[in-house]
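Colleague: Below is the file start_11.txt, with compact mmCIF, C-alpha atoms.
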```txt
# COMPACT_ATOMS: atom_id res chain seq x y z
CA MET Y 54 17.66 -20.22 18.30
CA GLY Y 55 14.18 -18.94 17.68
CA TRP Y 56 10.83 -18.78 19.40
CA LEU Y 57 7.47 -20.19 18.47
CA SER Y 58 6.09 -16.66 18.69
CA ASP Y 59 8.18 -15.90 15.60
CA TYR Y 60 5.58 -17.96 13.76
CA GLU Y 61 2.51 -17.15 15.87
CA PRO Y 62 2.92 -13.60 17.26
CA ALA Y 63 -0.06 -13.96 19.62
CA LEU Y 64 2.08 -16.34 21.70
CA LYS Y 65 4.63 -13.66 22.57
CA GLY Y 66 4.80 -13.10 26.30
CA THR Y 67 2.57 -16.08 27.10
CA ALA Y 68 3.39 -19.35 28.82
CA GLY Y 69 2.85 -21.06 25.49
CA ASP Y 70 5.83 -19.44 23.80
CA THR Y 71 8.71 -21.88 23.56
CA ARG Y 72 12.25 -22.08 22.27
CA ILE Y 73 13.15 -23.53 18.89
CA PHE Y 74 16.71 -24.79 18.43
CA ILE Y 75 17.89 -24.62 14.83
CA PHE Y 76 20.86 -26.55 13.45
CA ASN Y 77 22.05 -25.70 9.96
CA GLY Y 78 24.30 -27.78 7.78
CA ASP Y 79 24.56 -27.47 4.04
CA THR Y 80 21.18 -25.84 3.58
CA VAL Y 81 21.54 -25.40 -0.16
CA SER Y 82 20.87 -29.01 -0.98
CA GLY Y 83 19.61 -30.46 2.27
CA GLY Y 84 16.16 -31.17 3.62
CA LYS Y 85 14.48 -29.81 6.73
CA ALA Y 86 13.34 -31.81 9.75
CA LEU Y 87 11.31 -30.76 12.78
CA ILE Y 88 11.49 -32.75 16.01
CA LEU Y 89 9.04 -32.11 18.84
CA GLY Y 90 9.48 -33.23 22.42
CA GLY Y 91 7.25 -32.24 25.29
CA THR Y 92 3.92 -32.26 23.51
CA HIS Y 93 2.98 -34.17 26.66
CA PRO Y 94 5.48 -33.25 29.41
CA ASP Y 95 4.54 -36.33 31.45
CA GLU Y 96 6.16 -38.45 28.72
CA PRO Y 97 9.80 -37.75 29.53
CA ALA Y 98 11.59 -39.93 26.97
CA GLY Y 99 10.27 -37.59 24.30
CA PHE Y 100 11.77 -34.39 25.60
CA VAL Y 101 14.91 -36.04 27.03
CA THR Y 102 15.55 -37.32 23.50
CA THR Y 103 15.25 -33.82 22.09
CA TYR Y 104 17.60 -32.36 24.72
CA LEU Y 105 20.12 -35.10 24.01
CA MET Y 106 19.96 -34.19 20.33
CA ILE Y 107 20.26 -30.45 21.00
CA GLU Y 108 23.40 -30.96 23.06
CA ASN Y 109 25.10 -33.51 20.84
CA ILE Y 110 24.02 -33.16 17.23
CA GLU Y 111 26.56 -32.21 14.60
CA ILE Y 112 24.73 -31.42 11.42
CA MET Y 113 26.40 -31.89 8.06
CA LYS Y 114 23.58 -31.48 5.59
CA GLY Y 115 20.13 -29.95 5.81
CA THR Y 116 18.46 -28.21 8.72
CA VAL Y 117 17.04 -29.65 11.93
CA PHE Y 118 14.55 -27.69 14.05
CA ILE Y 119 14.08 -29.02 17.58
CA ILE Y 120 11.41 -27.92 20.03
CA PRO Y 121 12.05 -29.70 23.33
CA GLN Y 122 9.08 -28.21 25.21
CA ALA Y 123 6.32 -28.08 22.63
CA ASN Y 124 3.66 -27.35 25.24
CA ASN Y 125 5.66 -25.10 27.52
CA SER Y 126 2.70 -24.33 29.77
CA ALA Y 127 2.17 -28.04 30.49
CA PHE Y 128 5.68 -28.18 31.99
CA THR Y 129 4.56 -25.87 34.81
CA HIS Y 130 2.25 -28.29 36.64
CA THR Y 131 1.45 -31.94 37.21
CA LEU Y 132 -1.99 -33.53 37.10
CA PRO Y 133 -3.82 -33.43 40.43
CA GLN Y 134 -4.32 -36.63 42.44
CA GLU Y 135 -1.74 -38.60 40.49
CA GLY Y 136 1.17 -38.11 42.91
CA MET Y 137 3.64 -37.41 40.15
CA PRO Y 138 7.15 -36.10 40.89
CA GLN Y 139 7.76 -32.49 39.88
CA PHE Y 140 11.37 -33.05 38.87
CA PHE Y 141 13.74 -35.83 37.94
CA SER Y 142 17.47 -35.86 37.42
CA ILE Y 143 19.80 -37.73 35.13
CA PRO Y 144 23.50 -37.97 36.06
CA GLY Y 145 25.61 -36.11 33.52
CA LYS Y 146 29.28 -35.44 32.87
CA SER Y 147 29.17 -32.28 34.96
CA GLY Y 148 26.73 -33.39 37.63
CA ASN Y 149 23.04 -34.11 37.82
CA ARG Y 150 20.88 -32.68 35.09
CA ILE Y 151 17.50 -31.71 36.47
CA PHE Y 152 14.42 -31.88 34.27
CA ARG Y 153 10.91 -30.69 35.00
CA TYR Y 154 8.19 -33.32 34.84
CA GLY Y 155 4.88 -31.92 33.71
CA ALA Y 156 1.37 -32.82 32.68
CA ARG Y 157 -0.43 -33.99 29.58
CA ILE Y 158 -2.34 -30.76 29.20
CA THR Y 159 -1.83 -27.01 29.35
CA ASN Y 160 -1.81 -25.54 32.87
CA ALA Y 161 -5.30 -24.40 33.88
CA ILE Y 162 -3.72 -21.21 35.21
CA HIS Y 163 -2.92 -20.33 31.61
CA GLN Y 164 -6.11 -21.57 29.95
CA TRP Y 165 -9.38 -21.55 31.83
CA PRO Y 166 -12.20 -22.54 31.98
CA ASP Y 167 -12.59 -25.82 30.18
CA PRO Y 168 -15.82 -26.24 28.24
CA GLU Y 169 -18.18 -29.09 29.10
CA ILE Y 170 -17.44 -30.51 25.67
CA TYR Y 171 -14.41 -29.64 23.58
CA LEU Y 172 -15.33 -28.90 19.99
CA HIS Y 173 -12.26 -29.32 17.83
CA TYR Y 174 -11.62 -26.59 15.28
CA PRO Y 175 -12.29 -26.84 12.36
CA SER Y 176 -13.80 -30.35 12.32
CA GLY Y 177 -16.37 -29.87 15.10
CA GLN Y 178 -15.32 -33.22 16.59
CA LYS Y 179 -16.50 -33.61 20.21
CA LEU Y 180 -14.12 -34.61 22.98
CA ALA Y 181 -14.08 -34.36 26.79
CA GLY Y 182 -13.83 -30.79 28.02
CA ASN Y 183 -10.29 -30.94 29.40
CA GLU Y 184 -8.98 -32.15 26.04
CA THR Y 185 -9.27 -28.52 24.98
CA ARG Y 186 -5.89 -28.17 26.75
CA ASN Y 187 -4.28 -31.14 25.00
CA LEU Y 188 -1.85 -29.97 22.31
CA ASN Y 189 -2.16 -33.29 20.53
CA ARG Y 190 -5.89 -32.71 20.06
CA ALA Y 191 -5.56 -29.07 19.04
CA TYR Y 192 -4.02 -29.16 15.57
CA PRO Y 193 -4.24 -27.34 13.22
CA GLY Y 194 -5.11 -24.67 15.77
CA ARG Y 195 -6.12 -21.09 15.03
CA THR Y 196 -4.74 -17.66 15.59
CA ASP Y 197 -7.74 -16.41 17.59
CA GLY Y 198 -8.17 -19.57 19.64
CA THR Y 199 -7.22 -20.82 23.08
CA LEU Y 200 -3.61 -20.86 24.24
CA THR Y 201 -3.30 -24.52 23.20
CA GLU Y 202 -4.77 -23.75 19.78
CA LEU Y 203 -2.29 -20.89 19.43
CA ILE Y 204 0.61 -23.27 20.13
CA ALA Y 205 -0.75 -25.74 17.59
CA HIS Y 206 -1.17 -22.96 15.05
CA GLY Y 207 2.39 -21.77 15.72
CA ILE Y 208 3.76 -25.22 14.96
CA ILE Y 209 1.68 -25.53 11.79
CA SER Y 210 2.90 -22.06 10.73
CA LEU Y 211 6.51 -23.05 11.41
CA ILE Y 212 6.17 -26.18 9.26
CA ASN Y 213 4.60 -24.21 6.41
CA LYS Y 214 6.82 -21.14 6.58
CA GLU Y 215 10.07 -23.09 6.86
CA GLN Y 216 8.89 -25.68 4.33
CA ILE Y 217 9.68 -28.53 6.68
CA ASP Y 218 10.05 -31.82 4.80
CA ILE Y 219 9.73 -34.31 7.62
CA ALA Y 220 8.39 -33.85 11.16
CA PHE Y 221 8.39 -35.95 14.31
CA ASP Y 222 6.33 -35.89 17.50
CA LEU Y 223 7.85 -37.96 20.34
CA HIS Y 224 5.57 -39.57 22.91
CA GLU Y 225 5.24 -42.24 25.56
CA ALA Y 226 2.28 -44.23 26.84
CA SER Y 227 1.50 -46.83 29.48
CA PRO Y 228 2.61 -50.42 28.78
CA GLU Y 229 -1.01 -51.60 28.73
CA TYR Y 230 -1.94 -49.15 25.96
CA PRO Y 231 -2.15 -50.79 22.52
CA VAL Y 232 -0.18 -48.12 20.65
CA VAL Y 233 3.27 -48.41 22.24
CA ASN Y 234 6.66 -49.23 20.79
CA ALA Y 235 5.01 -47.89 17.70
CA ILE Y 236 5.47 -45.66 14.70
CA VAL Y 237 2.29 -43.83 13.77
CA ALA Y 238 2.07 -42.42 10.27
CA PRO Y 239 -0.57 -41.00 7.96
CA GLU Y 240 -0.94 -42.29 4.43
CA ILE Y 241 1.68 -39.95 2.98
CA SER Y 242 4.38 -41.19 5.38
CA GLN Y 243 3.52 -44.87 5.46
CA ASP Y 244 6.01 -46.18 2.93
CA ILE Y 245 8.92 -44.66 4.81
CA ALA Y 246 7.48 -45.73 8.18
CA THR Y 247 7.03 -49.27 6.93
CA GLU Y 248 10.55 -49.55 5.60
CA ALA Y 249 11.91 -48.06 8.82
CA ALA Y 250 9.97 -50.55 10.95
CA MET Y 251 11.27 -53.44 8.88
CA GLU Y 252 14.89 -52.34 8.98
CA LEU Y 253 14.69 -51.64 12.72
CA GLU Y 254 13.25 -55.13 13.20
CA PHE Y 255 16.23 -56.59 11.38
CA GLU Y 256 18.41 -54.67 13.86
CA GLY Y 257 16.54 -56.21 16.78
CA LEU Y 258 14.15 -53.35 17.58
CA ARG Y 259 10.49 -54.14 17.18
CA TYR Y 260 8.03 -51.35 16.32
CA SER Y 261 4.42 -51.77 15.40
CA LEU Y 262 3.05 -49.72 12.57
CA GLU Y 263 -0.08 -47.73 13.22
CA ALA Y 264 -2.03 -45.76 10.66
CA SER Y 265 -3.30 -42.30 11.46
CA PRO Y 266 -7.06 -42.52 11.74
CA TYR Y 267 -8.83 -40.63 8.97
CA ASN Y 268 -11.53 -39.19 11.17
CA PHE Y 269 -9.85 -38.58 14.51
CA HIS Y 270 -8.95 -34.93 14.36
CA GLY Y 271 -6.52 -32.78 16.27
CA LEU Y 272 -3.66 -35.30 16.30
CA SER Y 273 -0.29 -34.04 15.14
CA HIS Y 274 0.30 -36.74 12.53
CA ARG Y 275 -3.24 -36.42 11.14
CA GLU Y 276 -3.38 -32.64 10.91
CA TRP Y 277 0.24 -32.07 9.85
CA ALA Y 278 -0.50 -34.35 6.92
CA ASP Y 279 -3.72 -32.52 6.09
CA HIS Y 280 -2.56 -28.91 6.65
CA THR Y 281 1.11 -28.91 5.66
CA ASN Y 282 3.36 -30.49 3.04
CA CYS Y 283 5.60 -32.34 5.50
CA LEU Y 284 5.78 -36.08 6.10
CA PRO Y 285 4.64 -36.60 9.71
CA PHE Y 286 5.62 -39.36 12.13
CA LEU Y 287 4.76 -40.00 15.77
CA PHE Y 288 6.75 -42.40 17.95
CA GLU Y 289 5.55 -44.06 21.15
CA THR Y 290 7.56 -45.85 23.81
CA ALA Y 291 6.20 -47.64 26.88
CA ASN Y 292 6.44 -45.88 30.24
CA PRO Y 293 5.03 -47.50 33.41
CA ILE Y 294 4.71 -44.23 35.38
CA GLN Y 295 1.84 -43.36 33.08
CA GLY Y 296 0.03 -46.63 33.66
CA ARG Y 297 -2.88 -47.54 35.92
CA LEU Y 298 -1.13 -50.61 37.34
CA ARG Y 299 1.68 -48.63 38.94
CA GLY Y 300 2.35 -48.45 42.66
CA ARG Y 301 4.74 -45.92 44.22
CA THR Y 302 4.91 -43.03 41.79
CA ASP Y 303 8.27 -41.39 42.10
CA GLU Y 304 11.43 -40.41 40.27
CA ASP Y 305 12.79 -43.94 40.53
CA LEU Y 306 9.80 -45.36 38.68
CA LEU Y 307 10.10 -42.63 36.07
CA LEU Y 308 13.76 -43.46 35.43
CA SER Y 309 13.84 -47.24 35.93
CA GLY Y 310 10.45 -48.06 34.49
CA PHE Y 311 10.27 -50.91 36.97
CA ASP Y 312 7.21 -51.67 39.07
CA LYS Y 313 6.52 -55.13 40.47
CA MET Y 314 2.83 -54.79 39.63
CA TYR Y 315 3.78 -54.57 36.00
CA LEU Y 316 5.47 -57.97 36.30
CA ILE Y 317 2.11 -59.33 37.39
CA GLY Y 318 0.48 -57.37 34.62
CA LYS Y 319 2.77 -59.10 32.15
CA GLU Y 320 1.95 -62.53 33.60
CA ILE Y 321 -1.78 -62.03 33.20
CA GLY Y 322 -1.44 -60.67 29.68
CA ALA Y 323 -2.39 -57.09 30.44
CA LEU Y 324 0.64 -55.54 28.73
CA THR Y 325 1.29 -54.98 25.06
CA VAL Y 326 5.09 -54.83 25.31
CA PRO Y 327 7.83 -57.13 26.62
CA TYR Y 328 8.40 -56.55 30.34
CA ASP Y 329 10.67 -58.22 32.91
CA SER Y 330 12.66 -57.39 36.03
CA THR Y 331 14.89 -55.00 34.09
CA GLY Y 332 11.93 -52.66 33.71
CA LEU Y 333 11.81 -50.08 30.96
CA PRO Y 334 14.60 -47.65 31.92
CA ILE Y 335 14.76 -44.22 30.41
CA GLN Y 336 17.88 -45.00 28.40
CA VAL Y 337 15.98 -47.79 26.64
CA ARG Y 338 13.05 -45.50 25.89
CA VAL Y 339 15.29 -42.65 24.71
CA GLY Y 340 17.37 -45.13 22.72
CA ARG Y 341 14.27 -46.35 20.91
CA HIS Y 342 13.28 -42.80 19.98
CA LEU Y 343 16.80 -42.07 18.73
CA ALA Y 344 16.95 -45.27 16.71
CA ALA Y 345 13.60 -44.63 15.06
CA LEU Y 346 14.45 -40.99 14.33
CA LYS Y 347 17.76 -41.85 12.74
CA LYS Y 348 16.28 -44.68 10.72
CA VAL Y 349 13.34 -42.66 9.37
CA ILE Y 350 15.62 -39.75 8.43
CA GLU Y 351 18.05 -42.17 6.78
CA ILE Y 352 15.27 -43.71 4.71
CA TYR Y 353 13.76 -40.31 3.93
CA SER Y 354 17.16 -39.22 2.61
CA ARG Y 355 17.25 -42.36 0.50
CA TYR Y 356 13.81 -41.59 -0.97
CA TYR Y 357 14.59 -37.90 -1.53
CA PRO Y 358 18.30 -37.56 -2.33
CA ASP Y 359 17.85 -33.86 -3.13
CA HIS Y 360 16.61 -33.26 0.42
CA THR Y 361 19.14 -35.29 2.34
CA ILE Y 362 19.54 -34.66 6.06
CA GLU Y 363 22.82 -35.85 7.54
CA PHE Y 364 24.06 -35.52 11.09
CA SER Y 365 26.36 -37.25 13.55
CA GLY Y 366 26.97 -37.23 17.28
CA ILE Y 367 23.77 -39.09 18.11
CA PRO Y 368 24.42 -42.47 19.75
CA SER Y 369 22.92 -45.75 18.66
CA TYR Y 370 20.27 -47.59 20.65
CA GLN Y 371 22.77 -50.26 21.64
CA ILE Y 372 25.25 -47.75 23.06
CA VAL Y 373 22.62 -45.80 24.98
CA GLU Y 374 21.08 -48.98 26.35
CA LYS Y 375 24.48 -50.25 27.48
CA ASN Y 376 26.11 -47.07 28.78
CA GLY Y 377 23.14 -44.94 29.77
CA LEU Y 378 22.70 -41.24 29.13
CA LYS Y 379 25.53 -39.84 31.24
CA GLU Y 380 27.92 -39.25 28.34
CA TYR Y 381 25.40 -37.05 26.56
CA PHE Y 382 24.43 -34.50 29.24
CA MET P 1477 9.21 -60.48 11.59
CA ARG P 1478 6.34 -62.92 11.65
CA SER P 1479 5.26 -61.81 15.08
CA VAL P 1480 5.21 -58.20 13.93
CA ILE P 1481 2.73 -59.10 11.30
CA SER P 1482 0.85 -61.67 13.31
CA TRP P 1483 -2.32 -59.61 13.15
CA SER P 1484 -2.04 -59.00 9.51
CA ILE P 1485 -3.35 -61.11 6.69
CA PHE P 1486 -1.47 -60.73 3.49
CA VAL P 1487 -3.20 -61.99 0.44
CA PHE P 1488 -1.50 -62.42 -2.86
CA LEU P 1489 -4.38 -63.28 -5.19
CA ILE P 1490 -3.38 -65.39 -8.10
CA LEU P 1491 -4.78 -64.16 -11.31
CA SER P 1492 -3.86 -67.22 -13.30
CA ALA P 1493 -6.43 -69.97 -13.05
CA SER P 1494 -3.81 -72.57 -13.71
CA LEU P 1495 -2.11 -71.70 -10.46
CA ILE P 1496 -5.02 -73.13 -8.50
CA HIS P 1497 -3.78 -76.58 -9.45
CA SER P 1498 -0.13 -75.86 -8.94
CA GLN P 1499 1.69 -77.94 -6.38
CA ASP P 1500 4.51 -75.53 -5.65
CA TYR P 1501 2.36 -72.44 -5.15
CA MET P 1502 4.19 -70.47 -7.79
CA ALA P 1503 2.28 -67.42 -8.92
CA GLU P 1504 2.09 -65.33 -12.01
CA GLN P 1505 2.15 -61.58 -11.85
CA PRO P 1506 0.53 -59.22 -11.19
CA VAL P 1507 -0.49 -59.96 -7.63
CA LEU P 1508 -3.01 -58.26 -5.44
CA ILE P 1509 -1.84 -57.20 -1.97
CA THR P 1510 -4.65 -56.63 0.47
CA SER P 1511 -5.66 -57.20 4.09
CA ALA P 1512 -8.75 -58.43 5.87
CA GLY P 1513 -8.02 -56.29 8.93
CA GLN P 1514 -7.03 -52.77 9.80
CA SER P 1515 -3.37 -53.45 10.48
CA SER P 1516 -0.80 -51.30 8.73
CA ASP P 1517 1.52 -54.28 8.48
CA VAL P 1518 0.11 -55.10 5.06
CA LEU P 1519 2.26 -52.18 3.97
CA MET P 1520 5.29 -54.40 4.53
CA GLY P 1521 4.01 -56.64 1.77
CA LYS P 1522 3.71 -53.62 -0.49
CA ILE P 1523 7.24 -52.41 0.26
CA LEU P 1524 8.76 -55.86 -0.18
CA ALA P 1525 6.90 -56.44 -3.43
CA GLY P 1526 8.23 -53.13 -4.68
CA LYS P 1527 11.77 -54.03 -3.71
CA ALA P 1528 11.39 -57.35 -5.49
CA ASN P 1529 10.18 -55.52 -8.60
CA LEU P 1530 6.97 -57.52 -8.60
CA LYS P 1531 4.02 -56.22 -10.55
CA PHE P 1532 1.35 -55.69 -7.96
CA ILE P 1533 -1.89 -53.94 -7.12
CA PHE P 1534 -2.22 -52.57 -3.61
CA ASN P 1535 -5.80 -52.29 -2.39
CA LYS P 1536 -6.48 -52.63 1.31
CA GLN P 1537 -10.22 -53.01 0.75
CA ALA P 1538 -10.05 -55.72 -1.88
CA VAL P 1539 -10.53 -58.64 0.47
CA SER P 1540 -13.68 -57.11 1.92
CA ILE P 1541 -15.02 -56.55 -1.58
CA ILE P 1542 -14.34 -60.19 -2.46
CA ALA P 1543 -15.81 -61.43 0.80
CA THR P 1544 -18.92 -59.34 0.34
CA LYS P 1545 -19.44 -60.67 -3.14
CA PHE P 1546 -18.48 -64.32 -2.74
CA GLY P 1547 -18.51 -64.92 1.01
CA PHE P 1548 -15.74 -65.68 3.45
CA LYS P 1549 -15.73 -69.42 2.66
CA PHE P 1550 -14.66 -68.59 -0.85
CA CYS P 1551 -11.91 -66.36 0.50
CA ARG P 1552 -10.67 -69.16 2.72
CA TYR P 1553 -10.57 -71.54 -0.22
CA ILE P 1554 -8.61 -69.06 -2.27
CA PHE P 1555 -6.15 -68.32 0.51
CA ASN P 1556 -5.03 -71.92 0.59
CA TYR P 1557 -3.47 -71.48 -2.82
CA PHE P 1558 -1.40 -68.45 -2.12
CA PHE P 1559 2.28 -68.50 -2.41
CA SER P 1560 5.47 -67.42 -0.79
CA PHE P 1561 8.18 -65.55 -2.56
CA GLU P 1562 11.90 -65.66 -2.24
CA MET P 1563 13.37 -63.16 0.15
CA SER P 1564 16.77 -63.77 -1.38
CA LYS P 1565 15.68 -61.51 -4.22
CA LEU P 1566 15.36 -58.69 -1.74
CA ASN P 1567 18.75 -59.06 -0.13
CA LEU P 1568 17.09 -58.98 3.27
CA HIS P 1569 17.86 -61.12 6.27
CA SER P 1570 14.50 -62.32 7.42
CA GLU P 1571 12.21 -64.91 6.00
CA PHE P 1572 8.92 -63.49 4.91
CA LEU P 1573 6.75 -66.39 4.03
CA ILE P 1574 3.39 -65.03 3.11
CA SER P 1575 1.73 -68.39 2.72
CA ARG P 1576 2.64 -69.45 6.25
CA ILE P 1577 1.07 -66.36 7.67
CA ILE P 1578 -2.09 -66.89 5.71
CA ILE P 1579 -2.32 -70.54 6.67
CA ARG P 1580 -1.82 -69.68 10.34
CA HIS P 1581 -4.67 -67.23 10.29
CA TYR P 1582 -7.11 -69.39 8.41
```
So, in terms of structure tokens, how does the structure I just supplied come out?

Modeller:
Amino acid sequence: MGWLSDYEPALKGTAGDTRIFIFNGDTVSGGKALILGGTHPDEPAGFVTTYLMIENIEIMKGTVFIIPQANNSAFTHTLPQEGMPQFFSIPGKSGNRIFRYGARITNAIHQWPDPEIYLHYPSGQKLAGNETRNLNRAYPGRTDGTLTELIAHGIISLINKEQIDIAFDLHEASPEYPVVNAIVAPEISQDIATEAAMELEFEGLRYSLEASPYNFHGLSHREWADHTNCLPFLFETANPIQGRLRGRTDEDLLLSGFDKMYLIGKEIGALTVPYDSTGLPIQVRVGRHLAALKKVIEIYSRYYPDHTIEFSGIPSYQIVEKNGLKEYF
Amino acid sequence: MRSVISWSIFVFLILSASLIHSQDYMAEQPVLITSAGQSSDVLMGKILAGKANLKFIFNKQAVSIIATKFGFKFCRYIFNYFFSFEMSKLNLHSEFLISRIIIRHY
């Protein structure tokens, strides 16, 4: 295990420092993958997926780096006036596993004040002031910047120093958002993303392909492509607790993904994903992330046989959807 | 598969003039793969063409260049003569009938 401060020393002792779990197989001939969860701690399928991998992966070839709480500070609060739960639990083999539910942005206690307008470094792109605390608007970051920029710089440094071949950023978004059930990839990753989306479709899992915008800076997939040599990918699943149509906002909604208002939303065409009375439970969302991860790594290994990454112990989408997450925690 | 690419317009431009009069929509190579929109799904056409060992040119902006020069009516006329190719060559399970997609969108 390592720490992000190993790659960005200015993070040491701050709320932005975070653990890195490292799994080594046959490193002589294998490739290197980085998997981020918790870039946005109010998108739980992302970091639950990474914890499931940490606790179950058996690596045979290559190296896998996993950061389950990429923005550690953002796990320490929830957004005001949204009524979000602070915690949620998933039944496990040895009892309930409790996870912290956080916010999209760094805690203001750790980074304050926000500017009126956030000027992204180095592009100068203008965004709303509080986006200065959004890790997924902060890349590539800088070593003398804000806490969020330090975290971004640490991740960029990790990718460069460890010569990461392929990197993933796991997210969720509301079901009415256009970019959900999606694989987002910059130009350099698009062939692999495309093949993965097709093969997943043949297996019954539909993902839309989204291209990284050329001129929207600060995003992980955009800036990893421009500032490192890795192949970046970002996955999105649909999560009703993040949506504007939701009603009671509690742990049950977070886990079941069911809200009757979203049924109405589906009827009137407001949603961009399939939705019915089964909701969008967390095992479905985690299962989608796992399926996409495994497929992209499989295809990457096919494209680059000298940098193969092989692992086992990670369940298929079908098994997770059917049996839930209990067996894996 | 078709619904995944429902927003995409795949265009395989036929470089042989004789094809315009063909009844079975067979095409000669190379083909041009392009898209009138911003969807990334045109990349599926590129990947499949590569797997089928087709000779192709991939240029996402080509259709806009053609439309700018000759107008959209010309593009529509051309699209009616595009072809489908056999997925059996690719050893894949799904039909991928380019011409149907084009016809649906135009």

Colleague: To one decimal place in Å, what is the distance between CA of Thr103 (chain Y) and CA of Gly90 (chain Y)?

Modeller: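 Here the two named atoms are 5.8 Å from each other.
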
Colleague: In Å, with one decimal, what is the gap from CA of Ala249 (chain Y) to CA of Glu108 (chain Y)?

Modeller: 25.0 Å

Colleague: Measure the distance from CA of Phe364 (chain Y) to CA of His280 (chain Y) in Å and round it to one decimal.

Modeller: 27.8 Å

Colleague: Counting all atoms listed in the file, figure out which residue out of Y:Pro327, Y:Pro368, Y:Gly84, Y:Gly78 gets nearest to Cys283 (chain Y).

Modeller: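 Smallest separation from Cys283 (chain Y) among the options: Y:Gly84.
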
Colleague: Taking into account only C-alpha atoms, which residue in the set Y:Gly148, Y:Pro166, Y:Gly340, Y:Gly207 is nearest to Pro62 (chain Y)?

Modeller: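 Among the listed residues, Y:Gly207 lies closest to Pro62 (chain Y).
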
Colleague: Which one of Y:Ile158, Y:Ala344, Y:Leu180, Y:Leu324 sits closest to Pro231 (chain Y) if you count all atoms listed in the file?

Modeller: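 Using all atoms listed in the file, the shortest distance to Pro231 (chain Y) belongs to Y:Leu324.
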
Colleague: Could you give me, as CSV, every chain Y residue with an atom at most 12 Å from chain P, plus its closest atom pair and distance in Å to one decimal, counting all atoms listed in the file, rows ordered by chain then number?

Modeller:
```
residue,atom,partner,partner_atom,distance
Y:Val232,CA,P:Ser1515,CA,11.9
Y:Asn234,CA,P:Val1480,CA,11.4
Y:Ala235,CA,P:Val1480,CA,11.0
Y:Ile236,CA,P:Ser1516,CA,10.3
Y:Val237,CA,P:Ser1516,CA,9.5
Y:Ala238,CA,P:Ser1516,CA,9.5
Y:Pro239,CA,P:Ser1516,CA,10.3
Y:Glu240,CA,P:Ser1516,CA,10.0
Y:Ser242,CA,P:Leu1519,CA,11.3
Y:Gln243,CA,P:Leu1519,CA,7.6
Y:Asp244,CA,P:Ile1523,CA,6.9
Y:Ile245,CA,P:Ile1523,CA,9.1
Y:Ala246,CA,P:Leu1519,CA,9.3
Y:Thr247,CA,P:Met1520,CA,5.9
Y:Glu248,CA,P:Ile1523,CA,6.9
Y:Ala249,CA,P:Met1520,CA,10.1
Y:Ala250,CA,P:Met1520,CA,8.8
Y:Met251,CA,P:Met1520,CA,7.5
Y:Glu252,CA,P:Leu1568,CA,9.0
Y:Leu253,CA,P:Met1477,CA,10.5
Y:Glu254,CA,P:Met1477,CA,6.9
Y:Phe255,CA,P:His1569,CA,7.0
Y:Glu256,CA,P:His1569,CA,10.0
Y:Gly257,CA,P:Met1477,CA,9.9
Y:Leu258,CA,P:Met1477,CA,10.5
Y:Arg259,CA,P:Val1480,CA,7.4
Y:Tyr260,CA,P:Val1480,CA,7.8
Y:Ser261,CA,P:Val1480,CA,6.6
Y:Leu262,CA,P:Ser1516,CA,5.7
Y:Glu263,CA,P:Ser1516,CA,5.8
Y:Ala264,CA,P:Ser1516,CA,6.0
Y:Ser265,CA,P:Ser1516,CA,9.7
Y:Pro266,CA,P:Gln1514,CA,10.4
Y:Val326,CA,P:Val1480,CA,11.9
```

Colleague: Could you check the closest approach to His163 (chain Y) for each of Y:Pro138, Y:Gly198, Y:Pro97, Y:Gly69 and tell me which residue wins, using only C-alpha atoms?

Modeller: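 Selected residue with least distance to His163 (chain Y): Y:Gly69.
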
Colleague: Taking only C-alpha atoms into account, which of Y:Leu203, Y:Leu272, Y:Leu223, Y:Ile110 comes nearest Glu184 (chain Y)?

Modeller: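 Using only C-alpha atoms, the shortest distance to Glu184 (chain Y) belongs to Y:Leu272.
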
Colleague: Excluding Val339 (chain Y) and residues on its chain fewer than 5 positions from it, collect all residues at most 12 Å away from it, counting only C-alpha atoms, and give them as a PyMOL selection string.

Modeller: chain Y and resi 90+96-106+223-225+234+288-292+308+333-334+344-346+367-374+377-378+381

Colleague: For the point (-3.9, -30.9, 8.7) in the file's frame, write as a compact mmCIF listing (two decimals) with C-alpha atoms, in the coordinates of the input all residues with an atom no more than 12 Å away, counting all atoms listed in the file.

Modeller:
```
# COMPACT_ATOMS: atom_id res chain seq x y z
CA TYR Y 174 -11.62 -26.59 15.28
CA PRO Y 175 -12.29 -26.84 12.36
CA SER Y 176 -13.80 -30.35 12.32
CA ARG Y 190 -5.89 -32.71 20.06
CA ALA Y 191 -5.56 -29.07 19.04
CA TYR Y 192 -4.02 -29.16 15.57
CA PRO Y 193 -4.24 -27.34 13.22
CA GLY Y 194 -5.11 -24.67 15.77
CA ARG Y 195 -6.12 -21.09 15.03
CA ALA Y 205 -0.75 -25.74 17.59
CA HIS Y 206 -1.17 -22.96 15.05
CA ILE Y 208 3.76 -25.22 14.96
CA ILE Y 209 1.68 -25.53 11.79
CA SER Y 210 2.90 -22.06 10.73
CA ILE Y 212 6.17 -26.18 9.26
CA ASN Y 213 4.60 -24.21 6.41
CA PRO Y 239 -0.57 -41.00 7.96
CA SER Y 265 -3.30 -42.30 11.46
CA TYR Y 267 -8.83 -40.63 8.97
CA ASN Y 268 -11.53 -39.19 11.17
CA PHE Y 269 -9.85 -38.58 14.51
CA HIS Y 270 -8.95 -34.93 14.36
CA GLY Y 271 -6.52 -32.78 16.27
CA LEU Y 272 -3.66 -35.30 16.30
CA SER Y 273 -0.29 -34.04 15.14
CA HIS Y 274 0.30 -36.74 12.53
CA ARG Y 275 -3.24 -36.42 11.14
CA GLU Y 276 -3.38 -32.64 10.91
CA TRP Y 277 0.24 -32.07 9.85
CA ALA Y 278 -0.50 -34.35 6.92
CA ASP Y 279 -3.72 -32.52 6.09
CA HIS Y 280 -2.56 -28.91 6.65
CA THR Y 281 1.11 -28.91 5.66
CA ASN Y 282 3.36 -30.49 3.04
CA CYS Y 283 5.60 -32.34 5.50
CA LEU Y 284 5.78 -36.08 6.10
CA PRO Y 285 4.64 -36.60 9.71
```
